[in-house]
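Novice: Just dropping this structure here.
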Amino acid sequence: MLKFKFLLWVFNQLLQRQIKNNPECARYVQGKTLVFQIRTASGAGRYYEIRDGAIRSFSGLAARPQFTFTFADAAKGFAILSAKDSQPAFIRAVGSKDLVVSGDFREVMWFQGLSAFLQPAKVVAPYDRTVF
């Protein structure tokens with residue numbers, strides 16, 4: 001449980017850093033107002049508020065989040081959120097019911113765009129000009 005809660009706190013810190021240091025990310029959140037939460041089925045979690053070009057997080061659960069990610073338990077939540085193959089891990093988790101997504105799916109899709117700012121840049125290998 002502790003690793004899951006710590007990961008949720010770190011998630012906020014990483015997004016704050018991206019908003020501060022990445023002009024594209026700052027533009028992406030500018031003018032957006034959103035409250036969402038990430039939790040376990042037993043009720044442990046955090047909620048996040050995006051407002052005025054910034055993100056803040058709070059322990060506990062929001063009264064009226066626009067969407068919620070509910071993980072079956074903290075261990076599954078940690079494994080899915082920290083997976084190297086994050087998008088396929090999310091899809092597998094939804095299929096296996098280890099993750100239930102509820103709320104406004106337009107906002108979920110917007111959030112997927114925001115979370116893309118946390119993905120490491122893909123390194124493209126230079127073109128191999130070797131002649132055979």
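Residues are referred to by chain and number: the chain letter is A, B, ... according to the order shown in the structure tokens, the number counts from 1 in that chain, and ligands are numbered separately from 1 in the order shown.
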Identify, on the basis of only C-alpha atoms, every residue whose closest approach to Thr68 (chain A) does not exceed 6 Å; exclude the query and any residue fewer than 5 positions from it along the same chain; express the result as a ChimeraX atom specification.
Specialist: /A:36-38,101-102
Novice: Need to verify the contact set: Gly103 (chain A), 12 Å, only C-alpha atoms, exclusion of same-chain residues closer than 6 positions in sequence. Can you return it as a list in words?
Specialist: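 The neighbour list is Leu34, Val35, Phe36, Gln37, Arg64, Pro65, Gln66, Phe67, Thr68, Phe69, Thr70 and Met109 of chain A.
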Novice: Can you list, as a count of residues only, every protein, DNA or RNA residue that comes within 12 Å of Gly31 (chain A) when you count only C-alpha atoms, leaving out same-chain residues fewer than 3 positions away?
Specialist: 10
Novice: For Ala75 (chain A), list every protein, DNA or RNA residue within 12 Å, evaluated using only C-alpha atoms, and leave out those in the same chain fewer than 5 positions away; present the list as a ChimeraX atom specification.
Specialist: /A:1-5,7,39-41,44,80-82,98-99
Novice: What's the separation between CA of Ser57 (chain A) and CA of Trp9 (chain A), in Å to one decimal place?
Specialist: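 Going from CA of Ser57 (chain A) over to CA of Trp9 (chain A) covers 7.4 Å.
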